[in-house]
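Worksheet: the structure to be examined is printed underneath.
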Amino acid sequence: MKPNDTTRKEQTVDSIDFDDLLGISTDMFARISCDGSFTPLNSAWADTLGFKELELQNQAWSAFVHPEDQQKAIAEIEKVETGENHKVAFESRFRCQDESYKWFRCCVTKSYEKRHCYLVATDISRQKQLEARVKEGEIRFQQLVVQHAQESDLFHTLMENTPDHIYFKDRESRFIRINRSLADQFGLENPMNAVRKTDFDFFTREHAQQAYQDEQNVIKTGKPIEGKQEKETWPDEQDTWVSTTKVPIRDREGRIIGTCGISRDITEYYRAQQALRDSEANWRSLVESVPDIISTIDLDYRIEFINRLPLTLGLKPQDIVGRSVFDFLPEEHHGRLKAACAKVIETGEVAAYEVQGLISEYWYASCLGPIQRDGELIGFVMASTNITDRKRAEVELQQSEERFRRAVLNAPLPIMIHAEDGEVLQISRAWTELTGYTLEDIPTITNWLAWTNDQESDGIETHLEQLYGSTGRVVEGEYEVVTKAGKKQIWEFSSSLLGALPDKRQLGISMALNVTERIKTQKVMQRAMETAEQASRAKSDFLANMSHELRTPLNAIIGFAEILRDELVGSVNTEQKECINDIHISGQHLLEMINDILDLSKIEAGKMVLQLEEFSIVEVVEEVNAIITALAVKKNLDITLTYNRDYMIEADRVKFKQVFYNLLSNAVKFTPEGGKITTQLEVTATELRAEVIDTGIGIAEADQAKLFAPFTQIDTSKSRRYGGTGLGLALTRRLIMLHGGEISVKSQEGNGSNFTLQLPLRQLARGTEANLDQALS
């Protein structure tokens with residue numbers, strides 16, 4: 001190897017060792033050029049300041065120095081750059097990436113090339129903080145020394161001059177130190193003479209024992225005793241009263257090592273206070289015995305005393321003492337109290353006012369009087385009586401009167417309010433609209449009668465005389481009145497008394513109903529009703545006569561058809577027999593229809609009479625079920641009867657069976673094969689409730705109203721399919737009503753029907769005539 005190569009290799013090794021040294025050093029190395037540029041030589045700058053290396057290289061080194069330190073730092077470095085010093089050292093604050101600052105100890109050395117300087121910086125922020133804390137501690141110590149000296153002087157002054165008794169005791173309640181005032185009270189020349197002594201050396205045993213217990217409790221619990229008023233009894237039997245506060249004494253570790261006490265002589269104050277309490281007790285006994293609320297307030301309107309509060313308020317007197325009285329009054333009532341207080345201040349006399357409580361909402365009538373001391377006003381005394389019920393009654397009366405006034409004014413009928421001397425107080429708008437007269441037109445009854453109709457005056461005046469001479473309502477009377485336009489109307493009057501006015505005049509109200517059109521309509525309806533009744537009677541007589549005339553030949557036709565069918569007059573062939581059967585069936589159907597028509601005609605003509613008897617409900621219904629079962633077998637229907645109990649009913653047995661037969665036969669007729677029909681009977685103490693339920697085709701809701709109308713079927717297509725005249729349910733309803741009962745239906749198309757009837761178990765003594773009228777209605 002050539003010598004030059006060896007040298008070059010050794011230099012490279014040394015260079016690598018230097019770079020490694022810079023990399024592991026916590027100090028920051030940098031090169032500062034003469035133009036102020038800044039080149040970090042190791043990563044400690046970025047680690048310490050938080051900037052990236054490129055951010056450090058792109059700025060002047062002075063940009064990172066605290067503004068207050070820049071001038072000094074630049075001056076120090078200039079000393080190196082100018083050659084004044086080869087090396088300088090100074091301390092400065094450098095800015096971090098998060099805008100905070102750190103203290104650096106900087107050492108700057110001139111390079112041999114003389115174009116730049118080398119900077120070595122060490123972070124001394126922690127050292128600076130410690131130095132600052134040490135300096136603060138020294139200052140604080142000096143302050144504490146001065147403060148301690150001052151407090152010692154103050155404490156000595158306090159102990160020598162305060163009139164209160166101050167004492168310190170150890171854990172066994174032995175005196176450690178007492179002040180001059182307490183030493184004088186004990187009769188000692190020097191306060192130090194009390195050291196190591198106890199209360200037992202100066203007070204009675206009873207008082208000393210209580211003081212010892214109090215101090216031991218303070219030591220045990222760590223809780224002070226504040227402002228305890230107690231009696232001190234001295235050996236010479238002299239009693240004094242003091243207000244005592246005792247607190248624990250603690251060492252630096254917080255351990256209780258004794259107690260400190262301060263006692264203030266309050267003997268004169270206590271005696272004055274006791275006298276005041278006696279006076280207040282007498283006063284309280286007086287104010288608490290009265291039912292009213294008694295309170296006192298000072299000149300700033302603060303409550304000083306109150307004897308009681310309403311239970312509903314949820315507060316105690318002590319909860320509001322010391323608060324402003326305005327806290328318990330609505331803002332709109334503040335002025336009333338202030339005005340009353342101003343009156344008392346101005347005149348010295350009692351002022352009265354009414355206010356409402358803010359929380360309770362009770363109303364009070366209050367009297368406010370002055371409280372004086374040595375001739376000077378110091379406050380007010382109030383006596384408040386609860387008048388809520390009276391206020392509510394007044395408000396309700398006002399509201400009632402207003403509602404009544406509006407009701408009269410806006411009533412749809414003509415209404416007049418009048419006094420017994422004839423004065424008209426109010427009329428409704430309807431009165432004015434119907435007659436054209438306003439209240440100004442008819443100030444009195446006499447004026448109105450003069451306008452309306454002289455011929456009716458006597459009758460109306462008599463009507464009103466009966467009103468004022470009665471104690472209740474006067475029977476209606478119809479009178480003819482004339483409107484302002486001259487149109488005649490017939491009014492139906494009804495009058496009542498309303499009470500008396502404040503001047504003792506009786507007050508009446510008269511209501512009228514314009515029945516002019518009603519009377520005209522009644523006359524027209526009367527004539528129409530008479531015509532309809534004549535037509536109905538003629539129809540019923542015709543149907544009754546015609547049905548009777550038709551039934552006679554029909555019975556002959558049915559009888560001869562049965563003779564032919566039974567071959568009593570000779571044999572017939574099959575074809576002839578079928579024709580005879582058709583004649584027989586058609587005759588029976590026609591006879592059934594005629595019978596129904598006849599029954600309806602009898603009912604409408606008032607000729608249907610019930611043959612009442614007592615019989616078993618279940619027995620009769622089972623008889624009907626036996627007949628229906630024969631019809632139901634052909635369609636494979638399930639017939640069921642249920643009941644809660646059997647009972648006797650008073651009714652027409654034949655018509656009772658007819659009712660159930662009609663309902664059940666209808667159910668069979670309109671229930672498809674395989675369906676079910678149920679009869680449910682429920683007997684109560686006074687009536688029979690029966691339900692006939694089927695699973696048939698059902699009835700649409702719109703058609704249910706037509707069910708019980710005669711000669712009506714809800715669907716003509718069904719009438720052709722199932723047959724019938726539409727009389728069955730109409731007759732059934734009338735038969736039920738004849739018995740004083742009723743029938744209803746619940747059904748849904750496609751889901752069967754439920755017919756419910758209710759019949760009384762006993763017919764009323766009024767007989768069947770009333771029932772007949774009900775059935776016809």
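Chain labels follow the order of the structure tokens: the first chain is A, the next B, and so on; residue numbering restarts at 1 in every chain, and ligands are counted from 1 in their shown order.
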Exercise for review: Pick out the residues sitting within 8 Å of range 415-425 of chain A, and hand them over as a list of chain:residue names; count only C-alpha atoms, and ignore anything fewer than 2 positions along from it in its own chain.
Suggested key: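 Here the answer would be A:Val408, A:Ala411, A:Leu413, A:Ile427, A:Ser428, A:Ala430, A:Trp431, A:Leu439, A:Ile442, A:Pro443, A:Thr444, A:Ile445, A:Thr446, A:Tyr468, A:Arg505, A:Gln506, A:Leu507, A:Gly508, A:Ile509, A:Ser510, A:Met511, A:Ala512.
Look at Glu478 in chain A: the protein and nucleic acid residues within 9 Å of it, using only C-alpha atoms and passing over chain neighbours fewer than 2 places away, are Glu476, Glu480, Ile490, Trp491, Glu492, Phe493 and Val515 of chain A.
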Exercise for review: Select, from A:Gln147, A:Gln70, A:Ser295, A:Ser616, the residue with the minimum atom-to-atom distance to Ile371 in chain A, counting only C-alpha atoms.
Suggested key: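 Smallest distance to Ile371 in chain A is found for A:Ser295.
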Close residues, Val633 in chain A itself excluded, 10 Å, only C-alpha atoms, min 5 positions apart in chain, as an mmCIF file with N, CA, C and O atoms, in the first residue's frame:
data_model
loop_
_atom_site.group_PDB
_atom_site.id
_atom_site.type_symbol
_atom_site.label_atom_id
_atom_site.label_comp_id
_atom_site.auth_asym_id
_atom_site.auth_seq_id
_atom_site.Cartn_x
_atom_site.Cartn_y
_atom_site.Cartn_z
ATOM 1 N N ILE A 628 -139.764 -26.469 13.311
ATOM 2 C CA ILE A 628 -138.680 -25.961 12.452
ATOM 3 C C ILE A 628 -137.705 -27.081 12.100
ATOM 4 O O ILE A 628 -137.163 -27.142 10.992
ATOM 5 N N ASP A 638 -128.248 -27.615 11.520
ATOM 6 C CA ASP A 638 -128.117 -27.953 12.947
ATOM 7 C C ASP A 638 -128.925 -26.933 13.751
ATOM 8 O O ASP A 638 -128.607 -25.747 13.768
ATOM 9 N N ILE A 639 -130.007 -27.397 14.438
ATOM 10 C CA ILE A 639 -130.863 -26.526 15.236
ATOM 11 C C ILE A 639 -130.519 -26.722 16.712
ATOM 12 O O ILE A 639 -130.571 -27.847 17.216
ATOM 13 N N VAL A 668 -134.090 -20.609 8.632
ATOM 14 C CA VAL A 668 -133.992 -21.831 7.820
ATOM 15 C C VAL A 668 -133.992 -21.473 6.341
ATOM 16 O O VAL A 668 -133.223 -22.035 5.538
ATOM 17 N N GLU A 673 -127.338 -25.101 3.028
ATOM 18 C CA GLU A 673 -127.248 -26.464 3.558
ATOM 19 C C GLU A 673 -125.985 -26.609 4.415
ATOM 20 O O GLU A 673 -124.930 -26.071 4.089
ATOM 21 N N GLY A 674 -126.164 -27.407 5.514
ATOM 22 C CA GLY A 674 -125.037 -27.662 6.417
ATOM 23 C C GLY A 674 -124.782 -26.549 7.407
ATOM 24 O O GLY A 674 -123.816 -26.612 8.167
#
**Study point:** Those in range 283-502 of chain A with helix (DSSP H, G or I) from DSSP, as a ChimeraX atom specification
**Key:** /A:283-288,311-313,317-320,325-328,331-347,388-410,429-435,445-452,454-468
Practice item. May I have the residues within 8 Å of range 319-328 of chain A as a PyMOL selection string, using only C-alpha atoms and disregarding those fewer than 5 positions away in the same chain? Key: chain A and resi 297+300-306+334+357-359
Output file for the residues above (C-alpha atoms, as a PDB file, in the first residue's frame):
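Output below, filename selection_13.pdb:
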ATOM      1  CA  ILE A 297     -91.107  44.393  57.562  1.00  0.00           C
ATOM      2  CA  ASP A 300     -86.310  48.060  52.879  1.00  0.00           C
ATOM      3  CA  TYR A 301     -89.381  45.806  52.682  1.00  0.00           C
ATOM      4  CA  ARG A 302     -87.552  42.774  54.136  1.00  0.00           C
ATOM      5  CA  ILE A 303     -89.637  40.398  56.251  1.00  0.00           C
ATOM      6  CA  GLU A 304     -88.485  40.379  59.889  1.00  0.00           C
ATOM      7  CA  PHE A 305     -91.253  38.286  61.429  1.00  0.00           C
ATOM      8  CA  ILE A 306     -94.337  36.328  60.395  1.00  0.00           C
ATOM      9  CA  HIS A 334     -95.970  45.908  44.303  1.00  0.00           C
ATOM     10  CA  GLY A 357     -99.972  36.034  47.063  1.00  0.00           C
ATOM     11  CA  LEU A 358     -97.594  35.046  44.269  1.00  0.00           C
ATOM     12  CA  ILE A 359     -97.142  31.405  45.321  1.00  0.00           C
TER      13      ILE A 359
END
Review point. So which residues touch Thr516 in chain A within 9 Å, counting only C-alpha atoms, skipping near sequence neighbours fewer than 2 positions away, as an MDAnalysis selection string?
Key: chainID A and resid 488:491 513:514 518:521
Exercise for review: Go through range 257-430 of chain A and collect every residue that DSSP, computed from the backbone, puts in strand (DSSP E or B); the answer should be as a ChimeraX atom specification.
Suggested key: /A:257-265,293-298,302-306,324,351-356,363-373,376-386,415-419,423-427
Practice item. Grab the CA of Val654 in chain A to CA of Leu761 in chain A distance for me, in Å with one decimal place. Key: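 Separation of CA of Val654 in chain A and CA of Leu761 in chain A: 15.9 Å.
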Exercise for review: In Å, rounded to a single decimal, give me how far CA of Glu349 in chain A is from CA of Leu337 in chain A.
Suggested key: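 Computing the Euclidean distance for CA of Leu337 in chain A and CA of Glu349 in chain A yields 14.6 Å.
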Exercise for review: Identify, on the basis of only C-alpha atoms, every residue whose closest approach to range 214-229 of chain A does not exceed 6 Å; exclude the query and any residue fewer than 2 positions from it along the same chain; express the result as a list of chain:residue names.
Suggested key: A:Ala211, A:Tyr212, A:Val242, A:Ser243, A:Thr244, A:Thr245, A:Lys246, A:Val247
If we count only C-alpha atoms and set the cut-off at 9 Å, which residues sit around Thr679 in chain A, ignoring sequence neighbours fewer than 4 positions away in its own chain? Please answer as a JSON list (two decimals) with N, CA and C atoms, in the first residue's frame.
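Generated output (selection38.json):
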[["chain", "number", "residue", "atom", "x", "y", "z"],
["A", 621, "VAL", "N", -140.94, -22.57, 23.14],
["A", 621, "VAL", "CA", -139.88, -22.46, 22.14],
["A", 621, "VAL", "C", -139.50, -23.84, 21.63],
["A", 639, "ILE", "N", -130.01, -27.40, 14.44],
["A", 639, "ILE", "CA", -130.86, -26.53, 15.24],
["A", 639, "ILE", "C", -130.52, -26.72, 16.71],
["A", 640, "THR", "N", -130.19, -25.62, 17.42],
["A", 640, "THR", "CA", -129.76, -25.70, 18.82],
["A", 640, "THR", "C", -130.55, -24.70, 19.66],
["A", 641, "LEU", "N", -130.91, -25.14, 20.89],
["A", 641, "LEU", "CA", -131.59, -24.26, 21.85],
["A", 641, "LEU", "C", -130.79, -24.26, 23.15],
["A", 642, "THR", "N", -130.42, -23.07, 23.66],
["A", 642, "THR", "CA", -129.72, -22.94, 24.95],
["A", 642, "THR", "C", -130.46, -21.92, 25.79],
["A", 643, "TYR", "N", -130.42, -22.09, 27.14],
["A", 643, "TYR", "CA", -131.09, -21.15, 28.03],
["A", 643, "TYR", "C", -130.44, -21.23, 29.41],
["A", 664, "LEU", "N", -137.38, -18.21, 13.19],
["A", 664, "LEU", "CA", -136.67, -19.45, 12.89],
["A", 664, "LEU", "C", -136.90, -19.89, 11.46],
["A", 690, "ALA", "N", -133.96, -12.94, 24.04],
["A", 690, "ALA", "CA", -133.79, -14.09, 23.15],
["A", 690, "ALA", "C", -133.00, -13.67, 21.92],
["A", 691, "GLU", "N", -132.11, -14.56, 21.46],
["A", 691, "GLU", "CA", -131.33, -14.32, 20.26],
["A", 691, "GLU", "C", -131.48, -15.50, 19.32],
["A", 692, "VAL", "N", -131.77, -15.21, 18.06],
["A", 692, "VAL", "CA", -131.82, -16.23, 17.01],
["A", 692, "VAL", "C", -130.65, -15.95, 16.08],
["A", 693, "ILE", "N", -129.69, -16.86, 16.09],
["A", 693, "ILE", "CA", -128.43, -16.64, 15.38],
["A", 693, "ILE", "C", -128.31, -17.69, 14.28],
["A", 694, "ASP", "N", -128.01, -17.25, 13.06],
["A", 694, "ASP", "CA", -127.83, -18.21, 11.97],
["A", 694, "ASP", "C", -126.53, -17.91, 11.25]]
Using only C-alpha atoms, what does the table of range 218-331 of chain A residues within 9 Å of range 171-177 of chain A look like, with each row giving the shortest atom pair and its distance in Å to one decimal, sorted by chain and ascending number, as CSV?
residue,atom,partner,partner_atom,distance
A:Ile219,CA,A:Arg171,CA,7.2
A:Ile256,CA,A:Arg171,CA,7.9
A:Ile257,CA,A:Arg171,CA,5.7
A:Gly258,CA,A:Arg171,CA,4.5
A:Thr259,CA,A:Arg171,CA,7.3
Restricting the output to N, CA, C and O atoms, write the selected residues as a short mmCIF file (atom, residue, chain, number, x, y, z; two decimals), in the first residue's frame.
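Resulting contents of again09.cif:
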data_model
loop_
_atom_site.label_atom_id
_atom_site.label_comp_id
_atom_site.auth_asym_id
_atom_site.auth_seq_id
_atom_site.Cartn_x
_atom_site.Cartn_y
_atom_site.Cartn_z
N ILE A 219 -61.16 17.91 70.48
CA ILE A 219 -59.94 17.13 70.21
C ILE A 219 -60.28 15.81 69.55
O ILE A 219 -59.60 15.36 68.62
N ILE A 256 -53.81 16.93 66.16
CA ILE A 256 -54.38 17.87 67.14
C ILE A 256 -53.56 17.79 68.43
O ILE A 256 -53.42 16.71 69.02
N ILE A 257 -53.03 18.92 68.85
CA ILE A 257 -52.18 18.95 70.04
C ILE A 257 -52.81 19.77 71.16
O ILE A 257 -52.22 19.89 72.24
N GLY A 258 -53.99 20.33 70.91
CA GLY A 258 -54.65 21.10 71.97
C GLY A 258 -55.81 21.88 71.40
O GLY A 258 -56.30 21.62 70.30
N THR A 259 -56.26 22.87 72.17
CA THR A 259 -57.40 23.69 71.76
C THR A 259 -57.11 25.15 72.01
O THR A 259 -56.29 25.51 72.86
#
